[in-house]
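File shown: start-v7.cif (mmCIF, C-alpha atoms).
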```
data_my_file
#
loop_
_atom_site.label_atom_id
_atom_site.label_comp_id
_atom_site.auth_asym_id
_atom_site.auth_seq_id
_atom_site.Cartn_x
_atom_site.Cartn_y
_atom_site.Cartn_z
CA MET A 1 -78.60 61.81 64.19
CA ASN A 2 -75.69 59.47 63.54
CA ILE A 3 -72.46 61.15 62.54
CA PRO A 4 -70.49 59.03 60.03
CA LYS A 5 -67.31 57.56 61.42
CA LEU A 6 -64.18 59.36 60.27
CA PRO A 7 -62.03 57.06 58.09
CA LEU A 8 -58.97 57.77 60.25
CA GLY A 9 -57.80 54.16 60.39
CA ARG A 10 -58.06 53.74 56.62
CA LEU A 11 -56.20 57.02 56.08
CA ILE A 12 -53.31 55.81 58.25
CA GLU A 13 -53.21 52.55 56.31
CA GLN A 14 -53.09 54.43 53.00
CA ILE A 15 -50.20 56.59 54.24
CA GLU A 16 -48.42 53.43 55.34
CA GLU A 17 -48.93 51.81 51.93
CA TRP A 18 -47.68 54.95 50.16
CA LEU A 19 -44.56 55.13 52.31
CA THR A 20 -43.83 51.45 51.77
CA LEU A 21 -44.25 51.82 48.00
CA TYR A 22 -42.11 54.92 47.46
CA PHE A 23 -39.60 54.73 50.32
CA GLY A 24 -38.91 51.00 50.33
CA PRO A 25 -35.18 51.42 49.54
CA VAL A 26 -34.82 53.93 52.39
CA PHE A 27 -36.37 51.47 54.83
CA ASP A 28 -34.10 48.73 53.48
CA PHE A 29 -31.06 50.94 54.10
CA ILE A 30 -32.20 51.77 57.64
CA HIS A 31 -32.83 48.07 58.24
CA ALA A 32 -29.31 47.19 57.12
CA VAL A 33 -27.65 49.94 59.22
CA ILE A 34 -29.53 49.18 62.43
CA GLY A 35 -29.22 45.43 61.94
CA GLY A 36 -25.48 45.82 61.45
CA MET A 37 -25.17 47.97 64.60
CA VAL A 38 -27.03 45.42 66.72
CA GLU A 39 -25.00 42.52 65.35
CA GLY A 40 -21.73 44.41 65.84
CA ILE A 41 -22.46 45.38 69.45
CA ASN A 42 -23.70 41.88 70.26
CA ALA A 43 -20.59 40.36 68.70
CA GLY A 44 -18.42 42.68 70.78
CA LEU A 45 -20.25 41.75 73.99
CA THR A 46 -20.05 38.00 73.31
CA PHE A 47 -16.56 37.86 71.75
CA LEU A 48 -14.89 37.30 75.13
CA PRO A 49 -15.94 34.67 77.68
CA ALA A 50 -18.70 35.76 80.03
CA ILE A 51 -16.38 35.98 83.04
CA ALA A 52 -14.03 38.32 81.16
CA VAL A 53 -16.88 40.64 80.21
CA ILE A 54 -18.17 40.55 83.79
CA LEU A 55 -14.76 41.58 85.13
CA LEU A 56 -14.48 44.38 82.56
CA ILE A 57 -17.92 45.75 83.43
CA THR A 58 -17.11 45.44 87.15
CA ALA A 59 -13.91 47.43 86.62
CA LEU A 60 -15.88 50.08 84.71
CA ALA A 61 -18.44 50.20 87.51
CA TYR A 62 -15.67 50.65 90.09
CA TRP A 63 -14.12 53.49 88.07
CA ILE A 64 -17.47 55.26 87.69
CA GLY A 65 -19.28 54.44 90.93
CA LYS A 66 -16.71 52.94 93.32
CA TRP A 67 -16.98 49.66 95.21
CA ARG A 68 -20.73 49.48 95.89
CA LEU A 69 -21.64 49.68 92.22
CA ALA A 70 -18.77 47.35 91.33
CA LEU A 71 -19.97 44.78 93.88
CA PHE A 72 -23.52 44.99 92.53
CA ALA A 73 -22.27 44.60 88.96
CA LEU A 74 -20.17 41.56 89.88
CA ILE A 75 -22.91 39.78 91.85
CA GLY A 76 -25.70 40.73 89.42
CA LEU A 77 -23.85 39.67 86.29
CA LEU A 78 -22.64 36.43 87.86
CA LEU A 79 -26.25 35.69 88.78
CA ILE A 80 -27.36 36.29 85.19
CA ASP A 81 -24.65 33.92 83.96
CA ASN A 82 -25.59 31.32 86.58
CA LEU A 83 -29.25 31.42 85.48
CA GLY A 84 -28.18 30.61 81.93
CA LEU A 85 -29.36 34.00 80.63
CA TRP A 86 -26.02 35.53 79.68
CA ALA A 87 -26.41 35.30 75.90
CA PRO A 88 -29.99 36.68 75.78
CA SER A 89 -29.03 39.39 78.27
CA MET A 90 -26.21 40.52 75.99
CA GLN A 91 -28.66 40.50 73.07
CA SER A 92 -30.99 42.74 75.05
CA LEU A 93 -28.09 44.99 76.03
CA ALA A 94 -27.07 45.28 72.37
CA LEU A 95 -30.62 46.31 71.46
CA VAL A 96 -30.75 48.86 74.28
CA LEU A 97 -27.38 50.37 73.44
CA THR A 98 -28.25 50.64 69.74
CA ALA A 99 -31.62 52.26 70.43
CA SER A 100 -30.18 54.59 73.08
CA VAL A 101 -27.24 55.75 70.95
CA LEU A 102 -29.48 56.47 67.97
CA ALA A 103 -32.08 58.19 70.18
CA VAL A 104 -29.40 60.44 71.68
CA LEU A 105 -27.82 61.22 68.29
CA ILE A 106 -31.24 62.23 66.96
CA GLY A 107 -32.71 63.72 70.13
CA VAL A 108 -29.94 66.06 71.27
CA PRO A 109 -29.80 68.08 67.99
CA ILE A 110 -33.61 68.30 67.98
CA GLY A 111 -33.52 69.46 71.59
CA ILE A 112 -30.97 72.14 70.69
CA LEU A 113 -33.24 73.27 67.87
CA CYS A 114 -36.20 73.47 70.26
CA ALA A 115 -34.14 75.53 72.71
CA GLN A 116 -33.08 78.01 70.07
CA SER A 117 -36.35 78.28 68.14
CA ALA A 118 -39.70 78.98 69.78
CA ALA A 119 -41.48 78.05 66.53
CA ALA A 120 -39.83 74.62 66.46
CA ARG A 121 -40.64 74.15 70.13
CA ASN A 122 -44.30 75.01 69.58
CA VAL A 123 -44.53 72.50 66.72
CA LEU A 124 -42.65 69.67 68.43
CA THR A 125 -44.17 69.94 71.93
CA PRO A 126 -47.59 68.49 70.98
CA ILE A 127 -45.83 65.81 68.91
CA LEU A 128 -43.76 64.82 71.92
CA ASP A 129 -46.89 64.83 74.09
CA PHE A 130 -48.50 62.47 71.59
CA MET A 131 -45.44 60.20 71.53
CA GLN A 132 -45.27 59.96 75.32
CA THR A 133 -48.97 59.24 75.85
CA MET A 134 -49.46 56.74 73.02
CA PRO A 135 -49.49 53.15 74.38
CA ALA A 136 -46.14 51.48 73.81
CA PHE A 137 -47.66 48.52 71.97
CA VAL A 138 -48.98 50.80 69.22
CA TYR A 139 -45.43 51.61 68.10
CA LEU A 140 -44.92 47.95 67.21
CA LEU A 141 -47.48 48.12 64.38
CA PRO A 142 -45.79 50.64 62.01
CA ALA A 143 -42.37 49.21 62.90
CA VAL A 144 -43.47 45.76 61.75
CA SER A 145 -45.17 47.20 58.64
CA PHE A 146 -42.02 48.96 57.45
CA PHE A 147 -39.31 46.61 58.75
CA SER A 148 -40.97 43.17 59.08
CA LEU A 149 -40.32 41.09 62.21
CA GLY A 150 -37.09 40.84 64.18
CA VAL A 151 -34.66 43.05 66.06
CA VAL A 152 -34.77 46.07 63.72
CA PRO A 153 -38.45 46.97 64.24
CA GLY A 154 -37.84 46.48 67.97
CA VAL A 155 -35.04 49.05 67.87
CA ILE A 156 -37.13 51.46 65.78
CA ALA A 157 -40.06 51.21 68.19
CA SER A 158 -37.69 51.70 71.13
CA ILE A 159 -36.21 54.85 69.57
CA ILE A 160 -39.63 56.39 68.96
CA PHE A 161 -40.83 55.47 72.45
CA ALA A 162 -37.65 56.58 74.28
CA ILE A 163 -36.54 59.73 72.44
CA PRO A 164 -38.90 62.37 73.97
CA PRO A 165 -37.03 62.74 77.33
CA THR A 166 -33.75 63.48 75.56
CA ILE A 167 -35.39 66.13 73.37
CA ARG A 168 -37.33 67.74 76.21
CA LEU A 169 -34.51 67.85 78.77
CA THR A 170 -31.90 69.00 76.26
CA SER A 171 -34.16 71.90 75.34
CA LEU A 172 -34.96 72.61 79.00
CA GLY A 173 -31.33 72.49 80.11
CA ILE A 174 -30.19 74.96 77.45
CA ARG A 175 -33.09 77.33 78.12
CA GLN A 176 -32.31 77.28 81.85
CA VAL A 177 -28.80 78.64 81.35
CA SER A 178 -28.59 82.03 83.04
CA PRO A 179 -29.47 84.87 80.62
CA GLU A 180 -26.73 86.96 82.25
CA LEU A 181 -24.10 84.42 81.21
CA VAL A 182 -25.49 84.33 77.68
CA GLU A 183 -25.41 88.13 77.50
CA ALA A 184 -21.82 88.12 78.78
CA ALA A 185 -20.84 85.65 76.06
CA ASP A 186 -22.48 87.87 73.46
CA ALA A 187 -20.68 90.90 74.87
CA PHE A 188 -17.32 89.16 74.45
CA GLY A 189 -18.13 88.50 70.80
CA SER A 190 -18.82 84.76 70.99
CA THR A 191 -20.29 83.20 67.88
CA PRO A 192 -23.52 81.19 68.25
CA ARG A 193 -21.48 77.99 67.86
CA GLN A 194 -18.98 79.01 70.54
CA LYS A 195 -21.80 80.06 72.87
CA LEU A 196 -23.55 76.73 72.39
CA PHE A 197 -20.58 74.39 72.79
CA LYS A 198 -18.53 76.31 75.35
CA LEU A 199 -21.29 77.74 77.54
CA GLN A 200 -24.80 76.39 77.11
CA LEU A 201 -24.14 72.67 76.58
CA PRO A 202 -21.60 72.34 79.44
CA LEU A 203 -23.95 74.08 81.87
CA ALA A 204 -26.94 72.09 80.62
CA LEU A 205 -25.08 68.77 80.79
CA PRO A 206 -26.62 67.56 84.10
CA THR A 207 -30.13 68.08 82.73
CA ILE A 208 -29.21 66.50 79.39
CA MET A 209 -27.74 63.48 81.17
CA ALA A 210 -30.98 63.09 83.13
CA GLY A 211 -32.84 62.93 79.82
CA ILE A 212 -30.37 60.39 78.42
CA ASN A 213 -30.79 58.29 81.55
CA GLN A 214 -34.56 58.25 81.09
CA THR A 215 -34.12 57.37 77.41
CA ILE A 216 -31.97 54.36 78.30
CA MET A 217 -34.51 53.13 80.84
CA LEU A 218 -37.39 53.54 78.39
CA SER A 219 -35.36 51.76 75.69
CA LEU A 220 -34.90 48.80 77.99
CA SER A 221 -38.61 48.60 78.79
CA MET A 222 -39.52 48.81 75.10
CA VAL A 223 -36.96 46.18 74.14
CA VAL A 224 -38.73 43.77 76.48
CA ILE A 225 -42.10 44.58 74.87
CA SER A 226 -40.54 44.20 71.41
CA SER A 227 -40.09 40.49 72.05
CA MET A 228 -43.70 40.21 70.82
CA ILE A 229 -42.51 41.02 67.29
CA GLY A 230 -39.48 38.76 67.25
CA ALA A 231 -36.84 40.90 68.97
CA GLN A 232 -34.31 38.66 70.65
CA GLY A 233 -33.07 38.86 74.21
CA VAL A 234 -34.40 38.35 77.70
CA GLY A 235 -37.75 39.83 76.67
CA ALA A 236 -38.41 36.72 74.59
CA TYR A 237 -37.99 34.61 77.73
CA VAL A 238 -40.43 36.84 79.61
CA TYR A 239 -42.98 36.65 76.79
CA ARG A 240 -42.61 32.89 76.55
CA ALA A 241 -43.00 32.51 80.32
CA VAL A 242 -46.14 34.64 80.33
CA SER A 243 -47.71 32.82 77.39
CA GLN A 244 -46.95 29.43 78.97
CA ALA A 245 -47.74 30.48 82.57
CA LYS A 246 -44.24 29.56 83.80
CA THR A 247 -43.84 31.78 86.84
CA GLY A 248 -40.36 30.58 87.79
CA ALA A 249 -38.87 31.11 84.34
CA GLY A 250 -40.53 34.52 84.12
CA PHE A 251 -39.11 35.52 87.51
CA GLU A 252 -35.59 34.50 86.47
CA ALA A 253 -35.83 36.53 83.25
CA GLY A 254 -37.27 39.43 85.23
CA ILE A 255 -34.30 39.36 87.62
CA ALA A 256 -31.93 39.60 84.64
CA ILE A 257 -33.81 42.64 83.33
CA VAL A 258 -33.77 44.28 86.77
CA VAL A 259 -30.00 43.79 87.06
CA LEU A 260 -29.42 45.33 83.63
CA ALA A 261 -31.78 48.21 84.37
CA ILE A 262 -30.18 49.11 87.71
CA LEU A 263 -26.67 48.77 86.30
CA LEU A 264 -27.41 51.00 83.30
CA ASP A 265 -29.18 53.51 85.52
CA ARG A 266 -26.34 53.79 88.05
CA LEU A 267 -23.63 53.90 85.40
CA THR A 268 -25.29 56.77 83.54
CA GLN A 269 -26.08 58.64 86.77
CA ASN A 270 -22.49 58.41 87.98
CA ALA A 271 -20.87 59.09 84.60
CA LEU A 272 -21.47 62.83 85.03
CA LYS A 273 -19.57 62.83 88.33
CA ILE A 274 -16.49 61.57 86.50
CA LYS A 275 -16.84 64.54 84.14
CA HIS A 276 -16.56 67.01 87.02
CA LYS A 277 -13.67 65.30 88.85
#
```

How does this structure look as structure tokens?
Amino acid sequence: MNIPKLPLGRLIEQIEEWLTLYFGPVFDFIHAVIGGMVEGINAGLTFLPAIAVILLITALAYWIGKWRLALFALIGLLLIDNLGLWAPSMQSLALVLTASVLAVLIGVPIGILCAQSAAARNVLTPILDFMQTMPAFVYLLPAVSFFSLGVVPGVIASIIFAIPPTIRLTSLGIRQVSPELVEAADAFGSTPRQKLFKLQLPLALPTIMAGINQTIMLSLSMVVISSMIGAQGVGAYVYRAVSQAKTGAGFEAGIAIVVLAILLDRLTQNALKIKHK
């Protein structure tokens, strides 16, 4: 007995067509906002000469992580500039920063909601499981359908792919705050807002920062994949090198991505230490 195939694919396509038909202006607005953010950040990163930006980032690295991180930033960024990949690297960094900022702005409030509401947590947990196990390339399809080709669908796909760690670890960090401290805050008459911002979030900050760190790393990986749909940056060089079997060019682009990844990782990891000094 042959069971008829469920028309799941066609159903998804119909939902996509309905959303495009009735929410086209919303998608246009989102496209304009995200496109403007990427262009603004990229313009800020490329406004000064490369050496000036390198020195500024090196100084920031020294302030956050002392001389080892500063030395790595200086050597790594000079290498990127020497390889002729400075402009595409700044484009990739602009995409990562845009996706990460938006993912954090969306993910932290959702994580707070999950921490405070068991019902919301029960609903969102399987959704987050689905988002984290779905192959990254699949996110490119709806992004292209709603936002065409270019940097904007790349940012959208990166947000969807990278947001789960921020939501999960924000919720986990708040729920791990000692119940005794929460009860003490209630006993002193703290409002829910005061309890959240003056007790729970400060104590949960290390866990939240770990989630943000993971989100940034996932954003970078997705930005590279997004080069397949026209996103600019170093990922386009990697994709071109793979498609043309140019090992040397691919290795150079890969080195640039590694430098950016390590630098972003160390900066976010050490940023919390500055908070506690």

Using only C-alpha atoms, which of A:Thr268, A:Pro153, A:Phe146, A:Ile167 sits nearest Leu124 of chain A?
A:Ile167

Please write the residues picked by the PyMOL selection byres ((chain A and resi 203) around 12) on this file as a PyMOL selection string.
chain A and resi 170+172-178+181-182+195-202+204-209+272+276

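If all atoms listed in the file are the atoms counted, then among A:Leu93, A:Ala87, A:Val53, A:Ala187 the closest residue to Ala73 of chain A is A:Val53.
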
Excluding same-chain residues fewer than 3 positions from segment 12-19 of chain A, what lies within 9 Å of it counting all atoms listed in the file, as an mmCIF file with C-alpha atoms, keeping the file's coordinate frame?
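Below is the file that was written, out-v2.cif:
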```cif
data_model
loop_
_atom_site.group_PDB
_atom_site.id
_atom_site.type_symbol
_atom_site.label_atom_id
_atom_site.label_comp_id
_atom_site.auth_asym_id
_atom_site.auth_seq_id
_atom_site.Cartn_x
_atom_site.Cartn_y
_atom_site.Cartn_z
ATOM 1 C CA PRO A 7 -62.030 57.060 58.090
ATOM 2 C CA LEU A 8 -58.970 57.770 60.250
ATOM 3 C CA GLY A 9 -57.800 54.160 60.390
ATOM 4 C CA TYR A 22 -42.110 54.920 47.460
ATOM 5 C CA PHE A 23 -39.600 54.730 50.320
ATOM 6 C CA GLY A 24 -38.910 51.000 50.330
ATOM 7 C CA PRO A 142 -45.790 50.640 62.010
ATOM 8 C CA SER A 145 -45.170 47.200 58.640
ATOM 9 C CA PHE A 146 -42.020 48.960 57.450
#
```

Selection result of the PyMOL selection byres ((chain A and resi 98-106) around 7) on this file, as an MDAnalysis selection string:
chainID A and resid 37:38 94:97 107:110 155 158:159 163 166 212 215:216 219

To one decimal place in Å, what is the distance between atom CA of Ser92 of chain A and atom CA of Gly233 of chain A?
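Distance between the two atoms: 4.5 Å.
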
Env of segment 121-123 of chain A: 9 Å cut, atoms = all atoms listed in the file, seq-sep filter 5 positions within chain, self excluded. Answer as a list in words.
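Near segment 121-123 of chain A, the qualifying residues are Gly111, Leu113, Cys114, Ala115, Gln116 and Ser171 of chain A.
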
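Neighbouring residues of Val152 of chain A at 9 Å or closer, counting only C-alpha atoms and skipping chain neighbours under 2 positions away, are A:Ile30, A:His31, A:Ala32, A:Ile34, A:Gly35, A:Val38, A:Leu95, A:Ala143, A:Val144, A:Phe147, A:Ser148, A:Leu149, A:Gly150, A:Gly154, A:Val155, A:Ile156, A:Ala157, A:Ala231.
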
Using only C-alpha atoms, the best pick from A:Ala136, A:Val259, A:Asp265, A:Ala236 as closest to Ser221 of chain A would be A:Ala136

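Between atom CA of Ala271 of chain A and atom CA of Leu83 of chain A there is a distance of 28.9 Å.
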
Nearest to Val33 of chain A among A:Ser243, A:Tyr237, A:Val151, A:Ala256, with distances taken over only C-alpha atoms: which residue is it?
A:Val151

Of A:Leu260, A:Ala59, A:Ile75, A:Ala184, the one nearest to Gln91 of chain A when counting all atoms listed in the file is A:Leu260

Straight-line distance linking atom CA of Trp86 of chain A with atom CA of Ala241 of chain A, stated in Å to one decimal:
17.3 Å

My list of candidates is A:Ile257, A:Gly36, A:Gln269, A:Thr46. Which is closest to Leu79 of chain A when distances are computed with all atoms listed in the file?
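Once distances to Leu79 of chain A are computed over all atoms listed in the file, the minimum belongs to A:Ile257.
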